[in-house]
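Structure file target.pdb; described as PDB, C-alpha atoms and all ligand atoms.
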```
ATOM      1  CA  MET F  22      -2.164  -1.561 -19.587  1.00  0.00           C
ATOM      2  CA  ILE F  23      -2.380  -0.555 -15.935  1.00  0.00           C
ATOM      3  CA  VAL F  24      -5.406  -0.791 -13.639  1.00  0.00           C
ATOM      4  CA  VAL F  25      -5.535   1.049 -10.335  1.00  0.00           C
ATOM      5  CA  LYS F  26      -7.616   0.653  -7.214  1.00  0.00           C
ATOM      6  CA  LYS F  27      -7.608   3.107  -4.319  1.00  0.00           C
ATOM      7  CA  PHE F  28      -8.149   2.374  -0.651  1.00  0.00           C
ATOM      8  CA  THR F  29      -8.057   4.236   2.647  1.00  0.00           C
ATOM      9  CA  PHE F  30      -7.167   3.076   6.115  1.00  0.00           C
ATOM     10  CA  ASP F  31      -6.914   4.793   9.480  1.00  0.00           C
ATOM     11  CA  ALA F  32      -3.880   4.179  11.623  1.00  0.00           C
ATOM     12  CA  ALA F  33      -1.673   5.708  14.283  1.00  0.00           C
ATOM     13  CA  HIS F  34       2.074   6.037  14.181  1.00  0.00           C
ATOM     14  CA  TYR F  35       5.071   7.876  15.536  1.00  0.00           C
ATOM     15  CA  LEU F  36       8.580   8.134  14.189  1.00  0.00           C
ATOM     16  CA  PRO F  37      10.871   7.214  17.082  1.00  0.00           C
ATOM     17  CA  SER F  38      14.116   8.850  16.001  1.00  0.00           C
ATOM     18  CA  TYR F  39      12.652  11.763  14.045  1.00  0.00           C
ATOM     19  CA  ARG F  40      12.693  15.241  15.553  1.00  0.00           C
ATOM     20  CA  GLY F  41       9.580  17.153  14.579  1.00  0.00           C
ATOM     21  CA  LYS F  42       5.825  16.896  14.481  1.00  0.00           C
ATOM     22  CA  CYS F  43       5.761  13.184  13.530  1.00  0.00           C
ATOM     23  CA  GLU F  44       7.830  12.027  16.510  1.00  0.00           C
ATOM     24  CA  LYS F  45       4.700  12.122  18.687  1.00  0.00           C
ATOM     25  CA  LEU F  46       1.881   9.590  18.466  1.00  0.00           C
ATOM     26  CA  HIS F  47      -0.760  10.737  15.978  1.00  0.00           C
ATOM     27  CA  GLY F  48      -2.992   9.353  13.268  1.00  0.00           C
ATOM     28  CA  HIS F  49      -3.576   9.635   9.557  1.00  0.00           C
ATOM     29  CA  THR F  50      -6.249   8.539   7.159  1.00  0.00           C
ATOM     30  CA  TYR F  51      -3.788   6.931   4.779  1.00  0.00           C
ATOM     31  CA  ARG F  52      -4.625   6.564   1.126  1.00  0.00           C
ATOM     32  CA  LEU F  53      -3.239   3.510  -0.625  1.00  0.00           C
ATOM     33  CA  SER F  54      -3.230   3.092  -4.380  1.00  0.00           C
ATOM     34  CA  VAL F  55      -2.356  -0.274  -5.924  1.00  0.00           C
ATOM     35  CA  ALA F  56      -1.594  -0.569  -9.649  1.00  0.00           C
ATOM     36  CA  VAL F  57      -1.499  -3.829 -11.588  1.00  0.00           C
ATOM     37  CA  GLU F  58      -0.019  -4.101 -15.061  1.00  0.00           C
ATOM     38  CA  GLY F  59      -1.002  -6.714 -17.606  1.00  0.00           C
ATOM     39  CA  SER F  60      -3.034  -7.663 -20.613  1.00  0.00           C
ATOM     40  CA  PRO F  61      -6.833  -7.919 -20.583  1.00  0.00           C
ATOM     41  CA  ASP F  62      -8.091 -11.511 -20.399  1.00  0.00           C
ATOM     42  CA  ALA F  63     -11.052 -13.030 -22.270  1.00  0.00           C
ATOM     43  CA  GLU F  64     -13.396 -10.985 -20.046  1.00  0.00           C
ATOM     44  CA  GLY F  65     -11.545  -7.802 -20.919  1.00  0.00           C
ATOM     45  CA  MET F  66      -9.955  -7.448 -17.485  1.00  0.00           C
ATOM     46  CA  VAL F  67      -6.327  -7.098 -16.408  1.00  0.00           C
ATOM     47  CA  ILE F  68      -7.508  -8.227 -12.970  1.00  0.00           C
ATOM     48  CA  ASP F  69     -11.025  -8.348 -11.544  1.00  0.00           C
ATOM     49  CA  PHE F  70     -11.391  -5.277  -9.283  1.00  0.00           C
ATOM     50  CA  ALA F  71     -13.290  -7.434  -6.775  1.00  0.00           C
ATOM     51  CA  LEU F  72     -10.362  -9.863  -6.606  1.00  0.00           C
ATOM     52  CA  LEU F  73      -7.854  -7.009  -6.311  1.00  0.00           C
ATOM     53  CA  LYS F  74      -9.885  -5.525  -3.462  1.00  0.00           C
ATOM     54  CA  ALA F  75     -10.098  -8.874  -1.647  1.00  0.00           C
ATOM     55  CA  ILE F  76      -6.323  -9.421  -1.929  1.00  0.00           C
ATOM     56  CA  VAL F  77      -5.415  -5.921  -0.716  1.00  0.00           C
ATOM     57  CA  LYS F  78      -7.867  -6.228   2.170  1.00  0.00           C
ATOM     58  CA  LYS F  79      -6.494  -9.607   3.232  1.00  0.00           C
ATOM     59  CA  VAL F  80      -2.751  -8.956   3.024  1.00  0.00           C
ATOM     60  CA  VAL F  81      -2.518  -5.232   3.838  1.00  0.00           C
ATOM     61  CA  LEU F  82      -5.667  -3.554   5.171  1.00  0.00           C
ATOM     62  CA  ASP F  83      -6.627  -6.231   7.698  1.00  0.00           C
ATOM     63  CA  GLU F  84      -3.154  -5.775   9.236  1.00  0.00           C
ATOM     64  CA  LEU F  85      -2.885  -1.991   9.129  1.00  0.00           C
ATOM     65  CA  ASP F  86      -6.389  -0.538   9.473  1.00  0.00           C
ATOM     66  CA  HIS F  87      -7.043   0.813  12.984  1.00  0.00           C
ATOM     67  CA  SER F  88      -3.612  -0.341  14.126  1.00  0.00           C
ATOM     68  CA  LEU F  89      -0.621   1.269  15.729  1.00  0.00           C
ATOM     69  CA  LEU F  90       1.713   0.950  12.759  1.00  0.00           C
ATOM     70  CA  ASN F  91       4.753   0.800  15.046  1.00  0.00           C
ATOM     71  CA  ASP F  92       3.524  -2.656  16.174  1.00  0.00           C
ATOM     72  CA  VAL F  93       3.931  -3.839  12.561  1.00  0.00           C
ATOM     73  CA  LEU F  94       6.870  -1.761  11.357  1.00  0.00           C
ATOM     74  CA  PRO F  95       9.615  -0.323  13.575  1.00  0.00           C
ATOM     75  CA  VAL F  96       9.794   2.919  11.577  1.00  0.00           C
ATOM     76  CA  PRO F  97       6.422   3.419   9.889  1.00  0.00           C
ATOM     77  CA  SER F  98       7.201   6.164   7.408  1.00  0.00           C
ATOM     78  CA  ALA F  99       5.153   6.298   4.207  1.00  0.00           C
ATOM     79  CA  GLU F 100       8.221   4.929   2.408  1.00  0.00           C
ATOM     80  CA  ASN F 101       8.514   1.920   4.706  1.00  0.00           C
ATOM     81  CA  ILE F 102       4.760   1.254   4.569  1.00  0.00           C
ATOM     82  CA  ALA F 103       5.016   1.219   0.762  1.00  0.00           C
ATOM     83  CA  VAL F 104       7.885  -1.309   0.775  1.00  0.00           C
ATOM     84  CA  TRP F 105       6.155  -3.485   3.400  1.00  0.00           C
ATOM     85  CA  SER F 106       2.952  -3.466   1.325  1.00  0.00           C
ATOM     86  CA  TRP F 107       4.891  -4.244  -1.851  1.00  0.00           C
ATOM     87  CA  GLU F 108       6.551  -7.288  -0.280  1.00  0.00           C
ATOM     88  CA  ARG F 109       3.168  -8.712   0.703  1.00  0.00           C
ATOM     89  CA  LEU F 110       1.243  -7.731  -2.419  1.00  0.00           C
ATOM     90  CA  ALA F 111       3.761  -8.623  -5.139  1.00  0.00           C
ATOM     91  CA  PRO F 112       3.481 -12.409  -4.663  1.00  0.00           C
ATOM     92  CA  ALA F 113      -0.285 -12.232  -4.088  1.00  0.00           C
ATOM     93  CA  LEU F 114      -0.843 -10.253  -7.296  1.00  0.00           C
ATOM     94  CA  GLN F 115       1.427 -12.306  -9.522  1.00  0.00           C
ATOM     95  CA  GLY F 116      -0.762 -13.879 -12.203  1.00  0.00           C
ATOM     96  CA  PRO F 117      -0.149 -15.428 -15.603  1.00  0.00           C
ATOM     97  CA  ASP F 118      -0.788 -12.117 -17.370  1.00  0.00           C
ATOM     98  CA  HIS F 119      -0.519  -9.467 -14.648  1.00  0.00           C
ATOM     99  CA  ARG F 120       1.770  -8.238 -11.905  1.00  0.00           C
ATOM    100  CA  LEU F 121       1.961  -5.518  -9.274  1.00  0.00           C
ATOM    101  CA  CYS F 122       3.656  -2.464 -10.812  1.00  0.00           C
ATOM    102  CA  ARG F 123       3.161   0.479  -8.444  1.00  0.00           C
ATOM    103  CA  ILE F 124       2.097   1.313  -4.905  1.00  0.00           C
ATOM    104  CA  GLU F 125       1.311   4.776  -3.599  1.00  0.00           C
ATOM    105  CA  VAL F 126       0.987   5.551   0.112  1.00  0.00           C
ATOM    106  CA  TRP F 127      -0.324   9.006   1.006  1.00  0.00           C
ATOM    107  CA  GLU F 128      -0.263  10.324   4.572  1.00  0.00           C
ATOM    108  CA  THR F 129      -2.018  13.543   3.640  1.00  0.00           C
ATOM    109  CA  ALA F 130      -3.455  15.012   0.453  1.00  0.00           C
ATOM    110  CA  THR F 131      -0.057  16.461  -0.410  1.00  0.00           C
ATOM    111  CA  SER F 132       2.516  14.071   1.124  1.00  0.00           C
ATOM    112  CA  GLY F 133       2.963  10.601  -0.260  1.00  0.00           C
ATOM    113  CA  CYS F 134       5.346   7.980  -1.557  1.00  0.00           C
ATOM    114  CA  ILE F 135       5.393   6.048  -4.828  1.00  0.00           C
ATOM    115  CA  TYR F 136       7.200   2.701  -5.025  1.00  0.00           C
ATOM    116  CA  GLU F 137       7.598   0.558  -8.114  1.00  0.00           C
ATOM    117  CA  GLY F 138       9.676  -2.268  -6.619  1.00  0.00           C
ATOM    118  CA  GLY F 139      13.391  -2.808  -6.844  1.00  0.00           C
ATOM    119  CA  GLN F 140      15.970  -0.342  -5.658  1.00  0.00           C
ATOM    120  CA  LEU F 141      14.987   1.844  -2.704  1.00  0.00           C
TER     121      LEU F 141
HETATM  122 ZN    ZN Q   1       2.571  11.046  10.593  1.00  0.00          ZN
END
```
Once more with this new file: its structure as structure tokens, please.
Amino acid sequence: MIVVKKFTFDAAHYLPSYRGKCEKLHGHTYRLSVAVEGSPDAEGMVIDFALLKAIVKKVVLDELDHSLLNDVLPVPSAENIAVWSWERLAPALQGPDHRLCRIEVWETATSGCIYEGGQL
């Protein structure tokens, strides 16, 4: 079973070696979706949504919200933000009966990246 929680954060970025609209400094309201796979515990929960929210806030949102993403990641594409978030969230969301299984990072309503760990 998979549970999902969605977040948003506002951040600026530019893509230094890209030629096009995204090479210049600009911002997005990013949408982040974090999915955790596991079995419901005695309380019927794969993971408590409040705990999931607190973990995502602490290890991802507190770093990225209202930041210049280039200060955190040299090339802050949606793909690289997804991998960076995965590397921080996977250990934090590893429980006895649940684990991180999918991250989605959306720059706009129609452009996003899905990462499920492993091979890039
Ligand atoms: Zn952009």
Spatial neighbours of stretch 113-118 of chain F, 9 Å, only C-alpha atoms, chain gap at least 2 places, as a count of residues only: 17
Spatial neighbours of F:Ala33, 6 Å, only C-alpha atoms, chain gap at least 6 places, as a list of chain:residue names: F:His47, F:Gly48, F:Leu89
Selection within 12 Å of ligand ZN 1 (chain Q) by only C-alpha atoms and all ligand atoms, output as a PyMOL selection string: chain F and resi 31-37+39+41-51+89-91+96-100+102+126-129+132-133
Point-to-point distance from atom CA of F:Cys134 to atom CA of F:Ser54, Å rounded to tenths: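 Here the two named atoms are 10.3 Å from each other.
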Evaluate the PyMOL selection byres (((chain F and resi 27) around 7) and not hetatm) and report residues as a PyMOL selection string: chain F and resi 25-26+28+53-55
One-decimal distance in Å that lies between atom CA of F:Thr131 and atom CA of F:Trp107: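 For atom CA of F:Trp107 relative to atom CA of F:Thr131, the distance reads 21.3 Å.
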Atomic distance atom CA of F:Glu84 - atom CA of F:Tyr136, expressed in Å with one decimal: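 Between these atoms lies a distance of 19.6 Å.
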